[in-house]
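Asker: The structure under discussion is supplied below as C-alpha cells; questions concerning it will follow.
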Amino acid sequence: MKKLRMAVLAAIVAIIGMVVFAACGSSQAGVYKFYSMTMEENGLKTEYFVGDEILANTKLTEDFAKYELTENGTCILTVYGETRTGTWVRNQEDSKKVDLTVDGNTITVFCDGKTIKYTTDEGLSYVLKK
C-alpha cells in the first residue's frame with residue numbers, strides 16, 4: 001500500500017512539473033525586437049535586416065520596431081519611434097497567434113513565444129524576435 005501511494009504521489013508530482021514547464025515555456029509575454037522587414041512592390045521583394053541601411057542615412061536597429069507583451073495583458077508597441085499602448089490576448093482559434101488591440105483597432109499576429117510575424121495591408125512584413 002505504501003509503495004502504491006508513493007507511486008501515485010510521484011506520478012502527480014511529475015504531471016504537475018510537466019504542466020508548469022509547458023505553461024512557462026509557451027508564454028507569449030515578453031519583449032520582441034525588430035529582426036527583419038520584407039517589402040514587396042511591383043512583384044519585386046526586398047528584405048532588410050538589423051544593420052541594413054534604408055532610405056538616406058537610416059540604419060535599421062533592433063529598436064526600429066519593438067513589441068512588449070506584459071504578463072498582465074497590456075502591450076506597448078513602438079514602430080518608427082512612435083509608441084502606442086493597448087492590450088493583448090491569446091487568439092481563441094490559434095494558440096500561436098495573439099490579438100493586439102490599440103486605439104480600438106485589433107490585429108492578429110503570429111506569436112509562438114519566440115517570434116512575432118505580421119504583414120500590413122500595404123504588404124510590409126515584419127519579423128520581431130525575443
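Each chain in the C-alpha cells gets a letter, A, B and so on, in the order shown; residues start at 1 in every chain, and ligands are counted from 1 in the order they appear.
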Per DSSP on the backbone, what are the strand (DSSP E) residues of range 44-117 of chain A, as JSON, numbers by chain?
Answerer: {"A": [44, 45, 46, 47, 48, 49, 53, 54, 58, 59, 65, 66, 67, 68, 69, 74, 75, 76, 77, 78, 79, 82, 83, 84, 85, 86, 87, 88, 89, 90, 97, 98, 99, 100, 101, 102, 105, 106, 107, 108, 109, 110, 111, 115, 116, 117]}
Asker: Using the selection just defined, write its residues with C-alpha atoms as a compact mmCIF listing (two decimals), in the first residue's frame.
Answerer:
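To be explicit, this is the file written out as result01.txt:
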# COMPACT_ATOMS: atom_id res chain seq x y z
CA LEU A 44 9.93 42.79 -56.52
CA LYS A 45 10.59 41.54 -52.99
CA THR A 46 13.23 43.27 -50.87
CA GLU A 47 14.28 42.07 -47.42
CA TYR A 48 16.00 44.20 -44.79
CA PHE A 49 17.68 43.10 -41.55
CA GLU A 53 20.52 50.95 -44.28
CA ILE A 54 17.21 52.09 -45.71
CA THR A 58 18.59 55.44 -41.79
CA LYS A 59 20.14 52.31 -40.31
CA ALA A 65 10.15 48.09 -34.03
CA LYS A 66 9.60 46.78 -30.51
CA TYR A 67 6.55 44.99 -29.10
CA GLU A 68 6.30 44.42 -25.37
CA LEU A 69 3.59 41.99 -24.28
CA THR A 74 -1.08 45.12 -21.72
CA CYS A 75 1.12 45.81 -24.73
CA ILE A 76 3.46 48.61 -25.68
CA LEU A 77 4.15 48.85 -29.40
CA THR A 78 6.89 51.09 -30.74
CA VAL A 79 7.33 51.38 -34.51
CA GLU A 82 6.09 56.13 -32.27
CA THR A 83 4.77 54.35 -29.16
CA ARG A 84 1.22 53.15 -28.60
CA THR A 85 -0.24 51.17 -25.72
CA GLY A 86 -3.06 48.69 -25.72
CA THR A 87 -3.98 45.15 -24.73
CA TRP A 88 -3.27 41.65 -25.96
CA VAL A 89 -4.81 38.22 -25.55
CA ARG A 90 -4.01 34.78 -26.90
CA LYS A 97 -1.37 33.88 -32.54
CA VAL A 98 -2.22 36.86 -30.37
CA ASP A 99 -4.80 39.61 -30.80
CA LEU A 100 -3.38 43.10 -30.22
CA THR A 101 -5.83 45.95 -29.61
CA VAL A 102 -4.52 49.51 -29.86
CA ASN A 105 -8.28 48.51 -33.62
CA THR A 106 -7.49 44.81 -33.27
CA ILE A 107 -4.95 42.92 -35.36
CA THR A 108 -3.99 39.27 -35.14
CA VAL A 109 -0.31 38.38 -35.40
CA PHE A 110 1.66 35.14 -35.32
CA CYS A 111 3.39 34.79 -31.94
CA THR A 115 8.89 35.29 -32.78
CA ILE A 116 6.20 37.73 -33.89
CA LYS A 117 5.31 37.91 -37.58
Asker: Just give me the gap between CA of Glu122 in chain A and CA of Glu41 in chain A in Å, one decimal is fine.
Answerer: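 According to the coordinates, CA of Glu122 in chain A and CA of Glu41 in chain A are separated by 9.6 Å.
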Asker: Closest to Val127 in chain A among A:Glu40, A:Glu71, A:Glu62, A:Asp94, using only C-alpha atoms?
Answerer: A:Glu62
Asker: Measure the distance from CA of Thr119 in chain A to CA of Lys33 in chain A in Å and round it to one decimal.
Answerer: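 Interatomic distance, CA of Thr119 in chain A to CA of Lys33 in chain A: 15.6 Å.
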Asker: If you run DSSP over the backbone, which residues in chain A end up helix (DSSP H, G or I)? Put them as an mmCIF file with N, CA and C atoms, in the first residue's frame.
Answerer:
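Wrote it out as selection18.cif, contents follow:
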data_model
loop_
_atom_site.group_PDB
_atom_site.id
_atom_site.type_symbol
_atom_site.label_atom_id
_atom_site.label_comp_id
_atom_site.auth_asym_id
_atom_site.auth_seq_id
_atom_site.Cartn_x
_atom_site.Cartn_y
_atom_site.Cartn_z
ATOM 1 N N LYS A 2 1.935 1.249 0.792
ATOM 2 C CA LYS A 2 2.828 2.397 0.868
ATOM 3 C C LYS A 2 3.514 2.632 -0.475
ATOM 4 N N LYS A 3 3.907 1.539 -1.163
ATOM 5 C CA LYS A 3 4.553 1.671 -2.467
ATOM 6 C C LYS A 3 3.583 2.261 -3.489
ATOM 7 N N LEU A 4 2.338 1.855 -3.433
ATOM 8 C CA LEU A 4 1.325 2.369 -4.355
ATOM 9 C C LEU A 4 1.111 3.864 -4.116
ATOM 10 N N ARG A 5 1.027 4.258 -2.850
ATOM 11 C CA ARG A 5 0.842 5.667 -2.526
ATOM 12 C C ARG A 5 2.033 6.496 -3.010
ATOM 13 N N MET A 6 3.248 5.993 -2.837
ATOM 14 C CA MET A 6 4.455 6.694 -3.297
ATOM 15 C C MET A 6 4.462 6.805 -4.823
ATOM 16 N N ALA A 7 4.038 5.741 -5.520
ATOM 17 C CA ALA A 7 3.999 5.752 -6.983
ATOM 18 C C ALA A 7 2.981 6.783 -7.479
ATOM 19 N N VAL A 8 1.813 6.825 -6.863
ATOM 20 C CA VAL A 8 0.781 7.797 -7.240
ATOM 21 C C VAL A 8 1.272 9.209 -6.961
ATOM 22 N N LEU A 9 1.886 9.429 -5.810
ATOM 23 C CA LEU A 9 2.413 10.739 -5.458
ATOM 24 C C LEU A 9 3.490 11.174 -6.456
ATOM 25 N N ALA A 10 4.386 10.251 -6.817
ATOM 26 C CA ALA A 10 5.439 10.564 -7.788
ATOM 27 C C ALA A 10 4.837 10.920 -9.142
ATOM 28 N N ALA A 11 3.796 10.199 -9.552
ATOM 29 C CA ALA A 11 3.130 10.485 -10.826
ATOM 30 C C ALA A 11 2.485 11.862 -10.800
ATOM 31 N N ILE A 12 1.840 12.209 -9.687
ATOM 32 C CA ILE A 12 1.199 13.521 -9.566
ATOM 33 C C ILE A 12 2.242 14.628 -9.628
ATOM 34 N N VAL A 13 3.345 14.469 -8.915
ATOM 35 C CA VAL A 13 4.429 15.467 -8.941
ATOM 36 C C VAL A 13 4.972 15.620 -10.354
ATOM 37 N N ALA A 14 5.155 14.513 -11.065
ATOM 38 C CA ALA A 14 5.669 14.558 -12.443
ATOM 39 C C ALA A 14 4.700 15.295 -13.359
ATOM 40 N N ILE A 15 3.407 15.019 -13.220
ATOM 41 C CA ILE A 15 2.404 15.683 -14.058
ATOM 42 C C ILE A 15 2.370 17.174 -13.773
ATOM 43 N N ILE A 16 2.389 17.539 -12.498
ATOM 44 C CA ILE A 16 2.399 18.967 -12.144
ATOM 45 C C ILE A 16 3.643 19.642 -12.723
ATOM 46 N N GLY A 17 4.775 18.999 -12.624
ATOM 47 C CA GLY A 17 6.012 19.548 -13.184
ATOM 48 C C GLY A 17 5.917 19.767 -14.685
ATOM 49 N N MET A 18 5.331 18.809 -15.401
ATOM 50 C CA MET A 18 5.187 18.949 -16.858
ATOM 51 C C MET A 18 4.244 20.096 -17.197
ATOM 52 N N VAL A 19 3.158 20.236 -16.461
ATOM 53 C CA VAL A 19 2.199 21.313 -16.715
ATOM 54 C C VAL A 19 2.851 22.671 -16.468
ATOM 55 N N VAL A 20 3.556 22.801 -15.355
ATOM 56 C CA VAL A 20 4.230 24.063 -15.046
ATOM 57 C C VAL A 20 5.288 24.370 -16.099
ATOM 58 N N PHE A 21 6.080 23.376 -16.497
ATOM 59 C CA PHE A 21 7.114 23.579 -17.513
ATOM 60 C C PHE A 21 6.488 23.991 -18.839
ATOM 61 N N ALA A 22 5.417 23.330 -19.238
ATOM 62 C CA ALA A 22 4.757 23.658 -20.506
ATOM 63 C C ALA A 22 4.185 25.064 -20.470
ATOM 64 N N ALA A 23 3.583 25.453 -19.361
ATOM 65 C CA ALA A 23 2.999 26.787 -19.254
ATOM 66 C C ALA A 23 4.074 27.860 -19.318
ATOM 67 N N CYS A 24 5.187 27.638 -18.644
ATOM 68 C CA CYS A 24 6.271 28.628 -18.665
ATOM 69 C C CYS A 24 6.922 28.692 -20.034
ATOM 70 N N GLY A 25 7.098 27.570 -20.668
ATOM 71 C CA GLY A 25 7.783 27.525 -21.950
ATOM 72 C C GLY A 25 6.964 28.091 -23.090
ATOM 73 N N GLU A 62 17.558 47.065 -33.719
ATOM 74 C CA GLU A 62 16.548 46.244 -33.048
ATOM 75 C C GLU A 62 15.398 47.088 -32.516
ATOM 76 N N ASP A 63 15.654 48.350 -32.219
ATOM 77 C CA ASP A 63 14.622 49.222 -31.674
ATOM 78 C C ASP A 63 13.766 49.892 -32.750
ATOM 79 N N PHE A 64 14.025 49.582 -34.018
ATOM 80 C CA PHE A 64 13.218 50.108 -35.121
ATOM 81 C C PHE A 64 11.744 49.750 -34.890
#
